$ cat run_33.cif   # mmCIF, C-alpha atoms and all ligand atoms
data_coords
loop_
_atom_site.label_atom_id
_atom_site.label_comp_id
_atom_site.auth_asym_id
_atom_site.auth_seq_id
_atom_site.Cartn_x
_atom_site.Cartn_y
_atom_site.Cartn_z
CA MET A 1 -16.54 8.37 23.13
CA GLY A 2 -17.34 9.66 19.63
CA ARG A 3 -15.72 8.02 16.62
CA LEU A 4 -13.55 11.02 15.71
CA ALA A 5 -12.31 11.25 19.28
CA LYS A 6 -11.21 7.61 19.08
CA LEU A 7 -8.91 8.25 16.11
CA PRO A 8 -5.24 8.11 17.16
CA PRO A 9 -3.06 11.18 16.49
CA TYR A 10 -1.50 11.17 13.05
CA LEU A 11 2.26 10.90 13.60
CA PHE A 12 3.11 12.21 10.15
CA SER A 13 1.69 15.64 11.03
CA ALA A 14 4.26 15.88 13.85
CA ILE A 15 7.04 14.94 11.40
CA ASP A 16 5.86 17.60 8.93
CA ALA A 17 5.97 20.22 11.68
CA ALA A 18 9.51 19.22 12.72
CA LYS A 19 10.63 19.29 9.08
CA ALA A 20 9.16 22.76 8.52
CA LYS A 21 10.89 23.99 11.68
CA ALA A 22 14.27 22.67 10.54
CA ARG A 23 13.85 24.28 7.09
CA ALA A 24 12.86 27.60 8.68
CA ALA A 25 16.09 27.41 10.72
CA GLY A 26 18.05 27.18 7.47
CA VAL A 27 18.84 23.44 7.52
CA GLU A 28 19.21 21.82 4.06
CA VAL A 29 16.74 19.06 4.76
CA VAL A 30 16.93 15.77 2.84
CA ASP A 31 13.45 14.28 2.98
CA LEU A 32 13.41 10.48 2.90
CA GLY A 33 10.11 10.35 4.77
CA VAL A 34 7.06 9.94 2.57
CA GLY A 35 6.54 7.25 -0.05
CA ASP A 36 5.58 9.58 -2.87
CA PRO A 37 7.60 8.98 -6.06
CA ASP A 38 9.83 11.93 -7.00
CA ARG A 39 9.79 11.15 -10.72
CA PRO A 40 6.93 12.18 -13.00
CA THR A 41 4.33 9.91 -14.55
CA PRO A 42 5.78 8.36 -17.75
CA ARG A 43 5.43 10.74 -20.68
CA ALA A 44 3.48 8.24 -22.75
CA LEU A 45 0.76 8.24 -20.10
CA VAL A 46 0.70 12.02 -19.82
CA ALA A 47 0.25 12.15 -23.60
CA VAL A 48 -2.75 9.79 -23.46
CA MET A 49 -4.23 11.92 -20.69
CA ALA A 50 -3.66 15.15 -22.64
CA ARG A 51 -5.72 13.77 -25.51
CA ALA A 52 -8.40 12.33 -23.24
CA VAL A 53 -8.87 15.52 -21.26
CA ALA A 54 -9.88 17.32 -24.44
CA GLU A 55 -12.75 14.89 -25.11
CA PRO A 56 -16.06 16.57 -24.23
CA GLU A 57 -17.73 13.21 -23.58
CA PHE A 58 -15.31 12.64 -20.69
CA HIS A 59 -16.30 15.91 -19.03
CA ARG A 60 -19.51 14.42 -17.74
CA TYR A 61 -20.00 12.16 -14.72
CA PRO A 62 -17.96 8.98 -15.06
CA ALA A 63 -19.40 5.45 -15.01
CA GLN A 64 -19.91 4.98 -11.30
CA ARG A 65 -18.19 1.64 -10.76
CA GLY A 66 -15.65 2.15 -13.51
CA GLN A 67 -15.48 2.43 -17.28
CA GLY A 68 -16.10 -0.90 -19.04
CA SER A 69 -12.90 -0.52 -21.07
CA LEU A 70 -10.82 -0.12 -17.90
CA LYS A 71 -12.49 -3.01 -16.09
CA ASN A 72 -11.81 -5.20 -19.12
CA ALA A 73 -8.20 -4.02 -19.18
CA VAL A 74 -7.88 -4.84 -15.47
CA ALA A 75 -9.27 -8.35 -15.98
CA GLY A 76 -6.95 -8.96 -18.94
CA TRP A 77 -3.96 -7.63 -17.02
CA LEU A 78 -4.71 -9.69 -13.90
CA GLU A 79 -4.81 -12.82 -16.03
CA GLN A 80 -1.64 -12.08 -17.94
CA ARG A 81 0.41 -10.66 -15.12
CA HIS A 82 -0.80 -12.68 -12.12
CA GLY A 83 -2.61 -15.70 -13.57
CA VAL A 84 -5.90 -14.56 -12.01
CA ARG A 85 -9.27 -14.83 -13.76
CA VAL A 86 -12.07 -12.47 -12.77
CA ASP A 87 -15.29 -11.32 -14.36
CA PRO A 88 -14.73 -7.63 -15.20
CA ASP A 89 -18.38 -6.71 -14.61
CA ARG A 90 -18.97 -8.39 -11.27
CA GLN A 91 -15.51 -8.77 -9.78
CA VAL A 92 -13.69 -5.52 -10.61
CA LEU A 93 -14.30 -2.06 -9.16
CA ILE A 94 -12.43 1.16 -9.98
CA LEU A 95 -11.35 3.22 -6.94
CA ILE A 96 -10.24 6.80 -6.31
CA GLY A 97 -6.91 5.47 -5.06
CA SER A 98 -6.59 2.37 -2.90
CA LYS A 99 -6.78 4.50 0.25
CA GLU A 100 -10.36 5.35 -0.70
CA GLY A 101 -11.27 1.69 -1.14
CA LEU A 102 -9.60 0.65 2.10
CA GLY A 103 -11.27 3.54 3.91
CA HIS A 104 -14.74 2.56 2.72
CA LEU A 105 -14.45 -1.21 3.00
CA PRO A 106 -15.41 -1.45 6.70
CA LEU A 107 -18.65 0.42 5.90
CA THR A 108 -19.76 -2.61 3.87
CA CYS A 109 -19.85 -5.02 6.79
CA VAL A 110 -18.90 -3.56 10.16
CA GLU A 111 -21.65 -2.83 12.69
CA GLU A 112 -21.26 -1.31 16.14
CA GLY A 113 -19.54 -3.93 18.33
CA ASP A 114 -17.93 -5.80 15.45
CA ASN A 115 -14.16 -6.10 15.22
CA VAL A 116 -11.59 -6.07 12.45
CA LEU A 117 -8.11 -7.62 12.53
CA VAL A 118 -5.40 -5.12 11.60
CA PRO A 119 -1.64 -5.62 11.49
CA ASP A 120 0.60 -3.92 14.03
CA LEU A 121 2.74 -2.65 12.27
CA GLY A 122 0.79 -1.40 9.31
CA TYR A 123 -0.67 1.43 7.23
CA PRO A 124 -2.80 3.41 9.71
CA VAL A 125 -5.88 3.57 7.45
CA TYR A 126 -7.06 0.00 8.26
CA GLY A 127 -7.62 0.79 11.93
CA GLN A 128 -8.89 4.31 11.38
CA ALA A 129 -11.47 3.23 8.80
CA THR A 130 -12.61 0.51 11.21
CA ILE A 131 -13.13 3.08 13.96
CA LEU A 132 -15.00 5.44 11.63
CA ALA A 133 -17.34 2.56 10.71
CA GLY A 134 -18.06 1.98 14.41
CA GLY A 135 -15.94 -1.15 14.78
CA GLU A 136 -13.04 -2.11 17.01
CA PRO A 137 -9.60 -2.63 15.44
CA ARG A 138 -7.98 -5.72 16.95
CA THR A 139 -4.26 -5.78 16.32
CA PHE A 140 -2.01 -8.74 15.62
CA ALA A 141 1.77 -8.73 15.49
CA LEU A 142 4.12 -8.88 12.53
CA ARG A 143 7.49 -10.10 13.75
CA GLU A 144 10.87 -10.00 12.08
CA SER A 145 11.48 -13.62 13.13
CA ALA A 146 8.48 -14.68 10.99
CA GLY A 147 9.45 -12.55 7.99
CA PHE A 148 6.87 -9.95 9.09
CA LEU A 149 4.04 -12.39 8.34
CA PRO A 150 1.37 -12.90 11.03
CA ASP A 151 1.28 -15.99 13.20
CA ILE A 152 -1.72 -18.05 12.02
CA ASP A 153 -2.50 -19.33 15.53
CA GLU A 154 -2.54 -15.76 16.84
CA LEU A 155 -4.91 -14.74 14.06
CA ALA A 156 -7.20 -17.69 14.79
CA ALA A 157 -7.19 -16.92 18.51
CA LYS A 158 -8.13 -13.30 17.88
CA MET A 159 -11.07 -14.11 15.61
CA ASP A 160 -14.53 -14.45 17.13
CA ALA A 161 -18.13 -14.40 15.92
CA ARG A 162 -17.95 -10.60 15.50
CA THR A 163 -14.78 -10.49 13.38
CA ARG A 164 -15.71 -9.16 9.96
CA LEU A 165 -12.47 -8.36 8.13
CA LEU A 166 -8.78 -9.22 8.18
CA PHE A 167 -6.51 -6.61 6.62
CA LEU A 168 -3.14 -7.71 5.23
CA ASN A 169 -0.67 -5.79 3.11
CA TYR A 170 1.83 -7.69 0.97
CA PRO A 171 4.21 -6.53 -0.36
CA ASN A 172 4.34 -4.78 2.96
CA ASN A 173 4.76 -1.15 3.86
CA PRO A 174 6.96 -0.44 5.80
CA THR A 175 8.97 -3.68 5.99
CA GLY A 176 9.12 -4.68 2.31
CA ALA A 177 8.13 -8.26 3.25
CA THR A 178 6.22 -10.41 0.76
CA ALA A 179 3.82 -13.32 1.20
CA ASP A 180 4.32 -16.67 -0.55
CA PRO A 181 1.58 -18.95 -1.92
CA ASP A 182 1.74 -21.29 1.11
CA PHE A 183 1.09 -18.41 3.46
CA TRP A 184 -1.82 -17.20 1.33
CA ARG A 185 -3.32 -20.72 1.24
CA THR A 186 -3.25 -21.01 5.02
CA VAL A 187 -4.75 -17.61 5.69
CA VAL A 188 -7.41 -17.97 2.96
CA GLU A 189 -8.51 -21.28 4.53
CA LEU A 190 -8.64 -19.78 8.00
CA CYS A 191 -10.75 -16.81 6.89
CA ASP A 192 -13.03 -19.07 4.88
CA ARG A 193 -13.60 -21.34 7.88
CA ARG A 194 -14.33 -18.41 10.18
CA SER A 195 -16.42 -16.38 7.69
CA VAL A 196 -14.05 -13.42 7.79
CA ILE A 197 -13.48 -11.30 4.66
CA LEU A 198 -9.79 -11.33 3.72
CA VAL A 199 -8.39 -8.08 2.30
CA ASN A 200 -4.97 -7.70 0.74
CA ASP A 201 -3.77 -4.16 0.23
CA ALA A 202 -1.56 -4.72 -2.83
CA ALA A 203 -0.55 -1.08 -3.41
CA TYR A 204 3.08 -2.21 -3.82
CA MET A 205 2.44 -5.37 -5.84
CA GLU A 206 4.47 -4.24 -8.84
CA VAL A 207 7.22 -2.49 -6.87
CA ALA A 208 9.51 -5.50 -6.80
CA PRO A 209 12.36 -6.92 -8.85
CA ASP A 210 10.99 -8.81 -11.84
CA ASP A 211 12.66 -12.07 -10.81
CA ARG A 212 11.00 -11.90 -7.38
CA ARG A 213 7.49 -11.02 -8.46
CA PRO A 214 5.14 -11.30 -5.45
CA THR A 215 2.11 -13.63 -5.49
CA SER A 216 -1.38 -12.18 -5.65
CA LEU A 217 -3.84 -13.38 -3.01
CA LEU A 218 -6.33 -13.80 -5.87
CA LYS A 219 -4.08 -16.39 -7.49
CA VAL A 220 -4.42 -18.68 -4.49
CA ALA A 221 -8.03 -18.03 -3.42
CA ASP A 222 -11.10 -19.25 -5.25
CA CYS A 223 -12.62 -15.84 -5.92
CA ASP A 224 -15.98 -17.32 -6.93
CA ARG A 225 -16.44 -18.95 -3.55
CA GLN A 226 -14.10 -17.39 -1.00
CA ARG A 227 -14.74 -13.89 0.34
CA VAL A 228 -11.47 -12.18 -0.57
CA ILE A 229 -10.64 -8.82 -2.10
CA GLU A 230 -7.35 -7.33 -3.27
CA LEU A 231 -6.68 -3.66 -3.92
CA HIS A 232 -4.13 -2.65 -6.55
CA SER A 233 -3.02 0.89 -7.22
CA PHE A 234 -1.62 2.88 -10.12
CA SER A 235 0.01 5.29 -7.63
CA LYS A 236 3.35 3.60 -7.05
CA MET A 237 3.26 1.42 -10.16
CA PHE A 238 3.33 4.41 -12.54
CA ASN A 239 4.29 7.42 -10.39
CA MET A 240 0.65 8.47 -10.40
CA THR A 241 -0.01 9.26 -6.73
CA GLY A 242 -1.66 12.58 -7.59
CA TRP A 243 -3.98 11.12 -10.20
CA ARG A 244 -6.00 9.07 -7.69
CA ILE A 245 -6.81 5.79 -9.37
CA ALA A 246 -6.75 2.17 -8.22
CA PHE A 247 -8.91 -0.92 -8.45
CA ALA A 248 -10.30 -3.71 -6.33
CA ALA A 249 -10.87 -7.27 -7.53
CA GLY A 250 -12.14 -10.40 -5.85
CA HIS A 251 -15.35 -12.06 -4.68
CA ALA A 252 -18.33 -10.54 -6.51
CA ASP A 253 -20.38 -9.82 -3.37
CA VAL A 254 -17.50 -8.17 -1.51
CA VAL A 255 -16.59 -6.07 -4.55
CA GLY A 256 -20.27 -5.32 -5.21
CA ASP A 257 -20.91 -4.20 -1.63
CA LEU A 258 -17.97 -1.81 -1.81
CA GLY A 259 -19.44 -0.46 -5.04
CA ARG A 260 -22.77 0.11 -3.27
CA VAL A 261 -21.11 2.06 -0.45
CA LYS A 262 -19.21 4.15 -2.98
CA GLU A 263 -22.35 4.91 -4.95
CA SER A 264 -23.71 6.64 -1.84
CA ILE A 265 -20.57 8.70 -1.32
CA ASP A 266 -18.65 9.44 -4.52
CA SER A 267 -19.13 9.53 -8.28
CA GLY A 268 -16.09 7.66 -9.50
CA VAL A 269 -12.85 8.61 -11.22
CA PHE A 270 -12.55 11.22 -14.03
CA THR A 271 -13.03 9.23 -17.23
CA ALA A 272 -9.89 10.69 -18.84
CA VAL A 273 -7.87 9.26 -15.94
CA GLN A 274 -9.57 5.89 -16.40
CA GLN A 275 -8.74 5.95 -20.12
CA THR A 276 -5.09 6.57 -19.27
CA ALA A 277 -5.10 3.75 -16.74
CA ALA A 278 -6.57 1.35 -19.30
CA PHE A 279 -3.79 2.28 -21.70
CA ALA A 280 -1.18 1.69 -18.98
CA LEU A 281 -2.34 -1.89 -18.44
CA GLY A 282 -2.29 -2.67 -22.17
CA ASP A 283 0.54 -3.52 -24.56
CA ALA A 284 2.81 -0.80 -23.18
CA PHE A 285 2.62 -2.16 -19.63
CA GLU A 286 5.97 -3.97 -19.41
CA SER A 287 8.03 -1.11 -20.80
CA LEU A 288 6.22 1.53 -18.71
CA LEU A 289 6.75 -0.49 -15.54
CA ALA A 290 10.40 -1.12 -16.35
CA GLU A 291 10.88 2.64 -16.91
CA VAL A 292 9.39 3.46 -13.49
CA MET A 293 11.09 0.69 -11.50
CA ALA A 294 14.52 1.33 -13.02
CA ALA A 295 15.08 4.09 -10.45
CA TYR A 296 15.08 1.93 -7.37
CA PRO A 297 17.77 -0.82 -7.43
CA GLU A 298 20.69 1.61 -7.58
CA ARG A 299 19.13 3.90 -4.96
CA ARG A 300 18.66 0.89 -2.67
CA ARG A 301 22.22 -0.26 -3.26
CA VAL A 302 23.66 3.17 -2.41
CA MET A 303 21.51 3.60 0.70
CA VAL A 304 21.95 0.09 2.10
CA ALA A 305 25.72 0.20 1.56
CA ALA A 306 25.96 3.49 3.47
CA LEU A 307 23.76 2.28 6.31
CA GLU A 308 25.70 -0.95 6.68
CA ARG A 309 28.97 0.97 6.63
CA ALA A 310 27.69 2.98 9.59
CA GLY A 311 26.78 -0.24 11.41
CA PHE A 312 22.99 -0.19 10.95
CA ALA A 313 21.13 -3.51 10.66
CA VAL A 314 19.04 -3.33 7.48
CA TYR A 315 16.16 -5.76 6.93
CA PRO A 316 16.69 -7.48 3.56
CA SER A 317 13.43 -6.35 1.92
CA PRO A 318 12.55 -8.17 -1.28
CA ALA A 319 10.01 -5.53 -2.45
CA THR A 320 8.64 -1.95 -2.19
CA PHE A 321 10.76 1.19 -2.39
CA TYR A 322 11.43 1.32 1.34
CA VAL A 323 14.48 0.47 3.39
CA TRP A 324 13.52 -0.89 6.83
CA CYS A 325 16.26 -0.57 9.34
CA ARG A 326 16.91 -1.05 13.05
CA VAL A 327 17.56 2.02 15.19
CA PRO A 328 20.74 1.85 17.28
CA ALA A 329 20.37 0.00 20.60
CA GLY A 330 19.25 2.05 23.59
CA THR A 331 17.12 4.59 21.72
CA THR A 332 13.45 4.68 20.68
CA SER A 333 12.46 5.14 17.07
CA VAL A 334 11.04 8.63 17.70
CA GLU A 335 14.16 9.72 19.63
CA PHE A 336 16.40 8.41 16.91
CA CYS A 337 14.47 10.04 14.05
CA SER A 338 14.36 13.39 15.90
CA ARG A 339 18.12 13.22 16.38
CA VAL A 340 18.66 12.38 12.71
CA LEU A 341 16.63 15.43 11.69
CA ASP A 342 18.22 17.75 14.27
CA GLU A 343 21.83 16.62 13.79
CA ILE A 344 22.14 15.78 10.09
CA GLY A 345 18.97 17.25 8.56
CA VAL A 346 17.60 13.96 7.21
CA VAL A 347 13.93 13.06 7.52
CA VAL A 348 13.29 9.36 8.13
CA THR A 349 10.11 7.82 9.53
CA PRO A 350 10.01 6.29 13.02
CA GLY A 351 8.76 2.71 12.91
CA VAL A 352 6.37 3.35 15.78
CA GLY A 353 4.33 5.53 13.39
CA PHE A 354 3.11 2.22 11.92
CA GLY A 355 2.17 0.77 15.32
CA THR A 356 3.90 -0.47 18.44
CA GLY A 357 5.41 -3.36 16.44
CA GLY A 358 7.50 -0.78 14.59
CA GLU A 359 9.32 0.32 17.75
CA GLY A 360 13.05 -0.14 17.33
CA TRP A 361 12.92 0.48 13.56
CA PHE A 362 12.92 3.35 11.10
CA ARG A 363 11.92 3.58 7.44
CA ILE A 364 13.68 5.28 4.58
CA SER A 365 11.80 5.95 1.36
CA LEU A 366 13.75 5.70 -1.89
CA THR A 367 11.34 8.12 -3.61
CA ALA A 368 13.68 11.13 -3.38
CA THR A 369 15.89 12.30 -6.25
CA ASP A 370 19.13 10.39 -6.93
CA ALA A 371 21.03 13.42 -5.61
CA ASP A 372 19.02 13.46 -2.38
CA ILE A 373 19.46 9.71 -1.96
CA ALA A 374 23.22 10.12 -2.40
CA GLU A 375 23.33 13.03 0.06
CA GLY A 376 21.09 11.24 2.58
CA ALA A 377 23.28 8.15 2.28
CA ARG A 378 26.42 10.23 2.78
CA ARG A 379 25.05 11.83 5.95
CA LEU A 380 23.61 8.60 7.38
CA GLY A 381 26.77 6.71 6.41
CA ALA A 382 28.77 9.01 8.68
CA TRP A 383 26.39 8.52 11.62
CA SER A 384 27.95 7.47 14.88
C1 LIG A 401 0.27 0.30 2.28
C2 LIG A 401 -0.40 1.36 1.51
N1 LIG A 401 -1.63 1.14 1.06
C3 LIG A 401 -2.31 2.06 0.37
C4 LIG A 401 -1.74 3.29 0.09
C5 LIG A 401 -2.57 4.30 -0.65
O1 LIG A 401 -2.24 4.39 -1.97
P1 LIG A 401 -3.17 5.10 -3.03
O2 LIG A 401 -4.38 5.59 -2.31
O3 LIG A 401 -2.37 6.21 -3.59
O4 LIG A 401 -3.53 4.04 -4.03
C6 LIG A 401 -0.46 3.58 0.53
C7 LIG A 401 0.15 4.89 0.26
O5 LIG A 401 1.20 5.24 0.68
C8 LIG A 401 0.22 2.59 1.26
O6 LIG A 401 1.46 2.81 1.71
#
$ encode --input "run_33.cif" --output "structure tokens" --more "lines below"
Ligand SMILES: Cc1ncc(COP(=O)(O)O)c(C=O)c1O
Amino acid sequence: MGRLAKLPPYLFSAIDAAKAKARAAGVEVVDLGVGDPDRPTPRALVAVMARAVAEPEFHRYPAQRGQGSLKNAVAGWLEQRHGVRVDPDRQVLILIGSKEGLGHLPLTCVEEGDNVLVPDLGYPVYGQATILAGGEPRTFALRESAGFLPDIDELAAKMDARTRLLFLNYPNNPTGATADPDFWRTVVELCDRRSVILVNDAAYMEVAPDDRRPTSLLKVADCDRQRVIELHSFSKMFNMTGWRIAFAAGHADVVGDLGRVKESIDSGVFTAVQQTAAFALGDAFESLLAEVMAAYPERRRVMVAALERAGFAVYPSPATFYVWCRVPAGTTSVEFCSRVLDEIGVVVTPGVGFGTGGEGWFRISLTATDADIAEGARRLGAWS
């Protein structure tokens, strides 16, 4: 079978179609489906961009692996924010969004017949990128009973001589789970022993309450020796999903190989966007982040209170802007989400869209306006 034919159907297209149908039928749809922040990029960043876009020198091809000033800003930020030291030249790479980096990573190391460990449940890109590179995604479970962390023995049992990568994602979409330093230590050691590259998709690293700041994989691993890579994104951190900018940091060879693949495929991120990103990680970082994250605690409180009032079991997520919730007994996640759209006009995402491990759950995104969150909560709160 060809690689494209092996790609699973994209569930979110089916949800979009159902949503469009409901709207066409005159339903006032409240969309709590996608994780795309409703609020604009902070004005201070838009102002930096407006100046940068007028600079003729930025209108030319960007520095392929990233502007030196941004890579330096990333290294400084990683040290200050996460206690991680990396060499900006060899251990940092600028990406066109973390999806791009995740999508290209398997091309660095996966040959026909190799396999890659991907979480079930998880962001679909890990498995799809593996298939497109000619590899076989091998799933492992994330269970509620283990705080949605993988079982280390299961991971070890699934690794063999042809396992090239292990994808993890903490803070986790869709569950909101986070990984602690002990977990990272164990999994770093395992991957090191078995010569498997460990990847953490950290797109949601900064989407967490300040007093529960998640631990970076890079803080625990020895990035000079151990083959690890972590991908951070500006998308959710600064309401910049449309700008397309992120970065990878970690072991120099792993980061360098990804840079080599990218050099054959793309030409980097618009320099004006990189300038803005460098500014965002500088002195203004704390206040910009606080401005963006201020939206979520109250939205979460309103939504969780309504869901619990209606008898739903909500998973107590420490991070991300998602609410992860059990569907009522006796129904599948797709059946439940279809009913929610048909009967109360609210779009929520069926857990099974993230893999079979998501069956029995649904996800609400808190990236809708306060008014939509309140209305969605009102409708869901009256569910019976
Ligand atoms: C887990 C996860 N990783 C990566 C991404 C991609 O983010 P971006 O490409 O905007 O950096 C997303 C987007 O929703 C995500 O949910």
$ atom_distance --input "run_33.cif" --atom1 "atom CA of A:Gly83" --atom2 "atom C8 of ligand LIG 401 (chain A)"
23.7 Å
$ residues_around --input "run_33.cif" --residues "A:Ala73" --least-positions-apart "3" --cutoff "10 Å" --atoms "only C-alpha atoms" --output "ChimeraX atom specification"
/A:67-70,76-79,88,277-282
$ closest_residue --input "run_33.cif" --among "A:Asp120, A:Glu206, A:Glu57, A:Asp257" --to "A:Pro106" --atoms "only C-alpha atoms"
A:Asp257
$ residues_near_ligand --input "run_33.cif" --ligand "ligand LIG 401 (chain A)" --cutoff "6 Å" --atoms "all atoms listed in the file" --output "list of chain:residue names"
A:Gly35, A:Gly97, A:Ser98, A:Lys99, A:Tyr123, A:Asn173, A:Asp201, A:Ala203, A:Ser233, A:Ser235, A:Thr241, A:Ala246
$ write_last_selection --input "run_33.cif" --atoms "C-alpha atoms" --output "tab-separated table (two decimals), in the coordinates of the input"
chain	number	residue	atom	x	y	z
A	35	GLY	CA	6.54	7.25	-0.05
A	97	GLY	CA	-6.91	5.47	-5.06
A	98	SER	CA	-6.59	2.37	-2.90
A	99	LYS	CA	-6.78	4.50	0.25
A	123	TYR	CA	-0.67	1.43	7.23
A	173	ASN	CA	4.76	-1.15	3.86
A	201	ASP	CA	-3.77	-4.16	0.23
A	203	ALA	CA	-0.55	-1.08	-3.41
A	233	SER	CA	-3.02	0.89	-7.22
A	235	SER	CA	0.01	5.29	-7.63
A	241	THR	CA	-0.01	9.26	-6.73
A	246	ALA	CA	-6.75	2.17	-8.22
$ atom_distance --input "run_33.cif" --atom1 "atom CA of A:Pro37" --atom2 "atom CA of A:Arg300"
14.1 Å
$ atom_distance --input "run_33.cif" --atom1 "atom CA of A:Gly351" --atom2 "atom CA of A:Glu335"
11.1 Å
$ closest_residue --input "run_33.cif" --among "A:Arg90, A:Arg65, A:Arg309, A:Arg51" --to "A:Arg379" --atoms "all atoms listed in the file"
A:Arg309
$ closest_atom_pairs --input "run_33.cif" --of "stretch 110-129 of chain A" --to "stretch 140-146 of chain A" --cutoff "12 Å" --atoms "only C-alpha atoms" --output "Markdown table"
| residue | atom | partner | partner_atom | distance |
| --- | --- | --- | --- | --- |
| A:Val116 | CA | A:Phe140 | CA | 10.4 |
| A:Leu117 | CA | A:Phe140 | CA | 6.9 |
| A:Val118 | CA | A:Phe140 | CA | 6.4 |
| A:Pro119 | CA | A:Phe140 | CA | 5.2 |
| A:Asp120 | CA | A:Ala141 | CA | 5.2 |
| A:Leu121 | CA | A:Leu142 | CA | 6.4 |
| A:Gly122 | CA | A:Leu142 | CA | 8.8 |
| A:Gly127 | CA | A:Phe140 | CA | 11.7 |
$ residues_around --input "run_33.cif" --residues "A:Val187" --least-positions-apart "5" --cutoff "12 Å" --atoms "all atoms listed in the file" --output "PDB file with C-alpha atoms, in the frame of the given file"
ATOM      1  CA  LEU A 149       4.040 -12.390   8.340  1.00  0.00           C
ATOM      2  CA  PRO A 150       1.370 -12.900  11.030  1.00  0.00           C
ATOM      3  CA  ASP A 151       1.280 -15.990  13.200  1.00  0.00           C
ATOM      4  CA  ILE A 152      -1.720 -18.050  12.020  1.00  0.00           C
ATOM      5  CA  ASP A 153      -2.500 -19.330  15.530  1.00  0.00           C
ATOM      6  CA  GLU A 154      -2.540 -15.760  16.840  1.00  0.00           C
ATOM      7  CA  LEU A 155      -4.910 -14.740  14.060  1.00  0.00           C
ATOM      8  CA  ALA A 156      -7.200 -17.690  14.790  1.00  0.00           C
ATOM      9  CA  LEU A 166      -8.780  -9.220   8.180  1.00  0.00           C
ATOM     10  CA  PHE A 167      -6.510  -6.610   6.620  1.00  0.00           C
ATOM     11  CA  LEU A 168      -3.140  -7.710   5.230  1.00  0.00           C
ATOM     12  CA  ALA A 179       3.820 -13.320   1.200  1.00  0.00           C
ATOM     13  CA  ASP A 180       4.320 -16.670  -0.550  1.00  0.00           C
ATOM     14  CA  PRO A 181       1.580 -18.950  -1.920  1.00  0.00           C
ATOM     15  CA  ASP A 182       1.740 -21.290   1.110  1.00  0.00           C
ATOM     16  CA  ASP A 192     -13.030 -19.070   4.880  1.00  0.00           C
ATOM     17  CA  ARG A 193     -13.600 -21.340   7.880  1.00  0.00           C
ATOM     18  CA  ARG A 194     -14.330 -18.410  10.180  1.00  0.00           C
ATOM     19  CA  SER A 195     -16.420 -16.380   7.690  1.00  0.00           C
ATOM     20  CA  VAL A 196     -14.050 -13.420   7.790  1.00  0.00           C
ATOM     21  CA  ILE A 197     -13.480 -11.300   4.660  1.00  0.00           C
ATOM     22  CA  LEU A 198      -9.790 -11.330   3.720  1.00  0.00           C
ATOM     23  CA  VAL A 199      -8.390  -8.080   2.300  1.00  0.00           C
ATOM     24  CA  ASN A 200      -4.970  -7.700   0.740  1.00  0.00           C
ATOM     25  CA  LEU A 217      -3.840 -13.380  -3.010  1.00  0.00           C
ATOM     26  CA  VAL A 220      -4.420 -18.680  -4.490  1.00  0.00           C
ATOM     27  CA  ALA A 221      -8.030 -18.030  -3.420  1.00  0.00           C
ATOM     28  CA  GLN A 226     -14.100 -17.390  -1.000  1.00  0.00           C
ATOM     29  CA  ARG A 227     -14.740 -13.890   0.340  1.00  0.00           C
ATOM     30  CA  VAL A 228     -11.470 -12.180  -0.570  1.00  0.00           C
TER      31      VAL A 228
END
$ axis_aligned_box --input "run_33.cif" --around "stretch 36-46 of chain A" --padding-each-side "3 Å" --output "JSON"
{"center_x": 5.3, "center_y": 10.2, "center_z": -12.8, "size_x": 15.1, "size_y": 9.9, "size_z": 25.9}
$ closest_residue --input "run_33.cif" --among "A:Gly358, A:Gly311, A:Pro214, A:Pro8" --to "A:Pro137" --atoms "all atoms listed in the file"
A:Pro8
$ residues_around --input "run_33.cif" --residues "stretch 261-271 of chain A" --least-positions-apart "5" --cutoff "10 Å" --atoms "all atoms listed in the file" --output "CSV table (one decimal) with C-alpha atoms, in the frame of the given file"
chain,number,residue,atom,x,y,z
A,49,MET,CA,-4.2,11.9,-20.7
A,52,ALA,CA,-8.4,12.3,-23.2
A,53,VAL,CA,-8.9,15.5,-21.3
A,55,GLU,CA,-12.8,14.9,-25.1
A,57,GLU,CA,-17.7,13.2,-23.6
A,58,PHE,CA,-15.3,12.6,-20.7
A,59,HIS,CA,-16.3,15.9,-19.0
A,60,ARG,CA,-19.5,14.4,-17.7
A,61,TYR,CA,-20.0,12.2,-14.7
A,62,PRO,CA,-18.0,9.0,-15.1
A,63,ALA,CA,-19.4,5.4,-15.0
A,64,GLN,CA,-19.9,5.0,-11.3
A,65,ARG,CA,-18.2,1.6,-10.8
A,66,GLY,CA,-15.6,2.2,-13.5
A,67,GLN,CA,-15.5,2.4,-17.3
A,70,LEU,CA,-10.8,-0.1,-17.9
A,93,LEU,CA,-14.3,-2.1,-9.2
A,94,ILE,CA,-12.4,1.2,-10.0
A,95,LEU,CA,-11.4,3.2,-6.9
A,96,ILE,CA,-10.2,6.8,-6.3
A,97,GLY,CA,-6.9,5.5,-5.1
A,100,GLU,CA,-10.4,5.4,-0.7
A,101,GLY,CA,-11.3,1.7,-1.1
A,104,HIS,CA,-14.7,2.6,2.7
A,105,LEU,CA,-14.4,-1.2,3.0
A,106,PRO,CA,-15.4,-1.4,6.7
A,107,LEU,CA,-18.6,0.4,5.9
A,108,THR,CA,-19.8,-2.6,3.9
A,243,TRP,CA,-4.0,11.1,-10.2
A,244,ARG,CA,-6.0,9.1,-7.7
A,245,ILE,CA,-6.8,5.8,-9.4
A,246,ALA,CA,-6.8,2.2,-8.2
A,256,GLY,CA,-20.3,-5.3,-5.2
A,276,THR,CA,-5.1,6.6,-19.3
A,277,ALA,CA,-5.1,3.8,-16.7
